[in-house]
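Data from protein_14.csv: CSV, C-alpha atoms
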```
chain,number,residue,atom,x,y,z
Q,1472,MET,CA,-33.7,-85.7,171.7
Q,1473,SER,CA,-31.1,-85.5,169.0
Q,1474,ASP,CA,-32.0,-84.8,165.5
Q,1475,PRO,CA,-30.9,-87.8,163.2
Q,1476,ALA,CA,-30.6,-85.5,160.2
Q,1477,ASN,CA,-28.0,-83.3,162.0
Q,1478,SER,CA,-26.0,-86.3,163.2
Q,1479,LEU,CA,-25.3,-87.4,159.5
Q,1480,LYS,CA,-23.8,-84.0,158.5
Q,1481,PRO,CA,-20.0,-83.8,158.5
Q,1482,ALA,CA,-18.5,-81.4,160.9
Q,1483,ARG,CA,-17.9,-78.0,159.5
Q,1484,PRO,CA,-14.3,-76.7,159.6
Q,1485,GLU,CA,-13.6,-74.1,162.2
Q,1486,PHE,CA,-12.0,-70.8,161.1
Q,1487,ARG,CA,-10.5,-68.5,163.7
Q,1488,ASN,CA,-9.3,-64.9,163.4
Q,1489,ILE,CA,-5.6,-64.3,163.4
Q,1490,ASP,CA,-4.1,-62.7,166.5
Q,1491,PHE,CA,-1.3,-60.1,166.5
Q,1492,ALA,CA,1.2,-62.6,167.9
Q,1493,SER,CA,0.9,-64.9,164.9
Q,1494,LEU,CA,1.5,-62.1,162.4
Q,1495,ARG,CA,5.3,-62.5,162.8
Q,1496,SER,CA,5.1,-66.1,161.7
Q,1497,LEU,CA,3.2,-65.3,158.5
Q,1498,ARG,CA,4.9,-64.9,155.2
Q,1499,TRP,CA,4.8,-61.3,153.9
Q,1500,PRO,CA,5.3,-61.2,150.1
Q,1501,LEU,CA,6.0,-57.8,148.6
Q,1502,ALA,CA,2.5,-57.4,147.3
Q,1503,SER,CA,0.9,-58.0,150.7
Q,1504,LEU,CA,3.5,-55.8,152.4
Q,1505,ALA,CA,2.7,-52.9,150.0
Q,1506,SER,CA,-1.0,-53.5,150.4
Q,1507,GLY,CA,-0.8,-53.6,154.1
Q,1508,MET,CA,1.3,-50.5,154.2
Q,1509,HIS,CA,-1.2,-48.7,152.0
Q,1510,ARG,CA,-3.8,-49.3,154.7
Q,1511,VAL,CA,-1.4,-48.2,157.5
Q,1512,SER,CA,-0.5,-45.1,155.6
Q,1513,GLY,CA,-4.2,-44.2,155.1
Q,1514,ALA,CA,-5.0,-44.7,158.8
Q,1515,PHE,CA,-1.9,-42.6,159.8
Q,1516,LEU,CA,-3.0,-39.8,157.4
Q,1517,PHE,CA,-6.5,-39.9,158.8
Q,1518,LEU,CA,-5.2,-39.7,162.4
Q,1519,MET,CA,-2.8,-36.8,161.4
Q,1520,MET,CA,-5.5,-34.8,159.8
Q,1521,PRO,CA,-5.8,-32.2,162.6
Q,1522,PHE,CA,-2.0,-31.7,162.5
Q,1523,LEU,CA,-2.0,-31.4,158.7
Q,1524,ILE,CA,-4.9,-28.8,158.9
Q,1525,TRP,CA,-3.0,-26.9,161.6
Q,1526,MET,CA,0.2,-26.8,159.6
Q,1527,PHE,CA,-1.6,-25.7,156.5
Q,1528,ASP,CA,-3.6,-23.0,158.3
Q,1529,THR,CA,-0.5,-21.8,160.2
Q,1530,SER,CA,1.6,-21.6,157.0
Q,1531,ILE,CA,-0.9,-19.4,155.1
Q,1532,SER,CA,-2.5,-17.2,157.7
Q,1533,SER,CA,0.1,-14.6,158.1
Q,1534,GLU,CA,3.9,-14.0,158.2
Q,1535,ILE,CA,3.8,-14.2,161.9
Q,1536,SER,CA,2.0,-17.6,162.0
Q,1537,TYR,CA,4.4,-18.9,159.3
Q,1538,ALA,CA,7.3,-17.8,161.5
Q,1539,ARG,CA,5.7,-19.7,164.4
Q,1540,LEU,CA,5.4,-22.8,162.2
Q,1541,THR,CA,9.1,-22.7,161.2
Q,1542,ALA,CA,10.0,-22.1,164.8
Q,1543,THR,CA,8.1,-25.3,165.7
Q,1544,PHE,CA,10.4,-27.3,163.4
Q,1545,ASN,CA,13.5,-25.4,164.6
Q,1546,GLN,CA,13.1,-24.9,168.3
Q,1547,GLY,CA,10.1,-27.2,169.1
Q,1548,MET,CA,6.7,-26.7,170.7
Q,1549,TRP,CA,4.8,-28.0,173.7
Q,1550,GLY,CA,7.9,-29.4,175.3
Q,1551,ALA,CA,8.9,-31.6,172.3
Q,1552,PRO,CA,12.0,-30.6,170.4
Q,1553,GLY,CA,11.9,-29.5,166.8
Q,1554,PHE,CA,13.6,-32.8,165.8
Q,1555,LEU,CA,10.6,-34.7,166.8
Q,1556,TRP,CA,8.2,-32.4,164.9
Q,1557,LYS,CA,10.4,-33.0,161.9
Q,1558,LEU,CA,10.2,-36.7,162.3
Q,1559,LEU,CA,6.4,-36.5,162.5
Q,1560,ALA,CA,6.4,-34.4,159.3
Q,1561,LEU,CA,8.7,-37.0,157.7
Q,1562,GLY,CA,6.2,-39.7,158.7
Q,1563,ILE,CA,3.4,-37.7,157.1
Q,1564,ILE,CA,5.5,-37.3,153.9
Q,1565,TRP,CA,6.1,-41.0,153.8
Q,1566,ALA,CA,2.4,-41.7,154.3
Q,1567,CYS,CA,1.3,-39.3,151.6
Q,1568,LEU,CA,3.8,-40.7,149.1
Q,1569,HIS,CA,3.1,-44.3,149.9
Q,1570,HIS,CA,-0.6,-43.9,149.9
Q,1571,LEU,CA,-0.5,-42.1,146.6
Q,1572,LEU,CA,1.8,-44.5,144.8
Q,1573,ALA,CA,0.1,-47.6,146.2
Q,1574,GLY,CA,-3.3,-46.2,145.4
Q,1575,LEU,CA,-2.2,-45.6,141.8
Q,1576,ARG,CA,-0.9,-49.2,141.7
Q,1577,HIS,CA,-4.3,-50.5,142.9
Q,1578,LEU,CA,-6.1,-48.3,140.4
Q,1579,TRP,CA,-3.9,-49.7,137.6
Q,1580,MET,CA,-4.6,-53.3,138.6
Q,1581,ASP,CA,-8.3,-52.6,138.9
Q,1582,THR,CA,-8.6,-51.1,135.4
Q,1583,HIS,CA,-6.2,-53.6,133.8
Q,1584,HIS,CA,-7.1,-56.8,135.7
Q,1585,ALA,CA,-6.8,-58.9,132.6
Q,1586,HIS,CA,-3.1,-58.2,132.3
Q,1587,VAL,CA,-2.3,-58.5,136.0
Q,1588,THR,CA,-0.1,-61.5,137.0
Q,1589,LYS,CA,1.5,-62.6,140.2
Q,1590,GLU,CA,4.9,-61.4,138.8
Q,1591,PHE,CA,3.4,-58.0,137.9
Q,1592,GLY,CA,2.0,-57.7,141.5
Q,1593,ARG,CA,5.5,-58.5,142.9
Q,1594,ARG,CA,7.3,-56.1,140.6
Q,1595,SER,CA,4.8,-53.2,141.0
Q,1596,ALA,CA,4.9,-53.6,144.8
Q,1597,ALA,CA,8.7,-53.5,144.8
Q,1598,ALA,CA,8.6,-50.4,142.6
Q,1599,VAL,CA,6.1,-48.7,144.9
Q,1600,LEU,CA,8.2,-49.6,148.0
Q,1601,ILE,CA,11.5,-48.4,146.4
Q,1602,ALA,CA,10.0,-45.2,144.9
Q,1603,THR,CA,8.4,-44.4,148.2
Q,1604,LEU,CA,11.6,-44.9,150.2
Q,1605,GLY,CA,13.7,-43.0,147.6
Q,1606,LEU,CA,11.3,-40.0,147.5
Q,1607,THR,CA,11.0,-40.0,151.3
Q,1608,LEU,CA,14.8,-39.9,151.7
Q,1609,VAL,CA,15.1,-37.1,149.2
Q,1610,LEU,CA,12.4,-35.0,150.8
Q,1611,GLY,CA,13.6,-35.9,154.3
Q,1612,ALA,CA,17.1,-34.7,153.5
Q,1613,LYS,CA,15.5,-31.4,152.4
Q,1614,LEU,CA,13.3,-31.3,155.6
Q,1615,PHE,CA,16.4,-31.8,157.8
Q,1616,GLY,CA,18.4,-29.2,155.9
Q,1617,LEU,CA,21.0,-31.5,154.2
Q,1618,TYR,CA,20.7,-29.6,151.0
```
Translate the structure of the given file into C-alpha cells.
Amino acid sequence: MSDPANSLKPARPEFRNIDFASLRSLRWPLASLASGMHRVSGAFLFLMMPFLIWMFDTSISSEISYARLTATFNQGMWGAPGFLWKLLALGIIWACLHHLLAGLRHLWMDTHHAHVTKEFGRRSAAAVLIATLGLTLVLGAKLFGLY
C-alpha cells in the first residue's frame, strides 16, 4: 500500500558529487584557485614529511652527513639524478610558501570578516599567488645555482 501522505510531498532535488572529469568545465576564480592550492600544498607537505625530516636530520647530524645531502642534490641518489631531487625540493619550497601565505590570508579573513568583500578575496588571492610564484622563482634560482 502506498502512503497518501508521501504522495502529496513534492520530489526532493537530487544532488550529486562532482567527478574529476567535470572539474575542467568549472570556473575557477582566483579565490577558489588559491584556496584549492592551499589544500593541495598542505597535503603535499604532509606527504613529504619523511623527506623533510630526513633532509633536516642529515643536514645537522655531522659534516659527513651534510656532505651526503649536498651530494644528493649534485650527483643524485637511488638512481635519480640530482636535478630531480632539486625539483622535489623546489616543490616543497613552493608548498611551504603557498601554504604559509594562503594560511595568513585565511587567518586575516577569519579575524576581519566584517571587512571582507568579494573584491578583497580576489585581490588577496592574486597577491598570494603572485607572491608565492615570485618567491619560489627567487629561491629556485638560488637552489639551482643561478646566483
How close does segment 1483-1588 of chain Q get to segment 1597-1617 of chain Q? List, as CSV, each residue of segment 1483-1588 of chain Q within 9 Å, its nearest atom pair and the distance in Å to one decimal, counting all atoms listed in the file.
```
residue,atom,partner,partner_atom,distance
Q:Leu1501,CA,Q:Ala1597,CA,6.3
Q:Ala1502,CA,Q:Ala1597,CA,7.7
Q:Leu1504,CA,Q:Leu1600,CA,8.9
Q:Ala1505,CA,Q:Leu1600,CA,6.7
Q:Phe1554,CA,Q:Phe1615,CA,8.5
Q:Lys1557,CA,Q:Leu1614,CA,7.1
Q:Leu1558,CA,Q:Gly1611,CA,8.7
Q:Ala1560,CA,Q:Leu1614,CA,8.4
Q:Leu1561,CA,Q:Gly1611,CA,6.1
Q:Gly1562,CA,Q:Thr1607,CA,8.8
Q:Ile1564,CA,Q:Thr1607,CA,6.7
Q:Trp1565,CA,Q:Thr1607,CA,5.6
Q:Ala1566,CA,Q:Thr1603,CA,9.0
Q:Leu1568,CA,Q:Thr1603,CA,6.0
Q:His1569,CA,Q:Thr1603,CA,5.6
Q:Leu1572,CA,Q:Val1599,CA,6.0
Q:Ala1573,CA,Q:Val1599,CA,6.2
Q:Arg1576,CA,Q:Val1599,CA,7.7
```
> Any idea what the distance is between atom CA of Gly1513 of chain Q and atom CA of Leu1559 of chain Q?
Replying inline: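 That distance, rounded to one decimal, is 15.0 Å.
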>> Let me make sure I understand: among Q:Leu1575, Q:Ile1531, Q:Leu1540, Q:Ala1514, which one has the smallest atom-to-atom distance to Gly1553 of chain Q if we use all atoms listed in the file?
In response: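 The closest residue to Gly1553 of chain Q is Q:Leu1540.
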> In Å, how far is it from atom CA of His1577 of chain Q to atom CA of Arg1510 of chain Q?
Replying inline: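 Pair atom CA of His1577 of chain Q / atom CA of Arg1510 of chain Q returns 11.9 Å.
For the pair atom CA of Pro1500 of chain Q and atom CA of Glu1590 of chain Q, the separation is 11.3 Å.
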>> From the options Q:Ala1596, Q:Met1580, Q:Ser1496, Q:His1570, which residue's atoms come nearest to Phe1515 of chain Q, counting only C-alpha atoms?
In response: Q:His1570
>> Give me, as a ChimeraX atom specification, all polymer residues having an atom no more than 12 Å from Ser1536 of chain Q, counting all atoms listed in the file and skipping those fewer than 6 positions away in the same chain.
In response: /Q:1525-1530,1542-1543
> Quick one: residues within 7 Å of Trp1556 of chain Q, only C-alpha atoms counted, chain neighbours fewer than 4 positions away excluded, as a list of chain:residue names?
Replying inline: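 Listing them by chain and then by number gives Q:Phe1544, Q:Gly1547, Q:Pro1552, Q:Ala1560.
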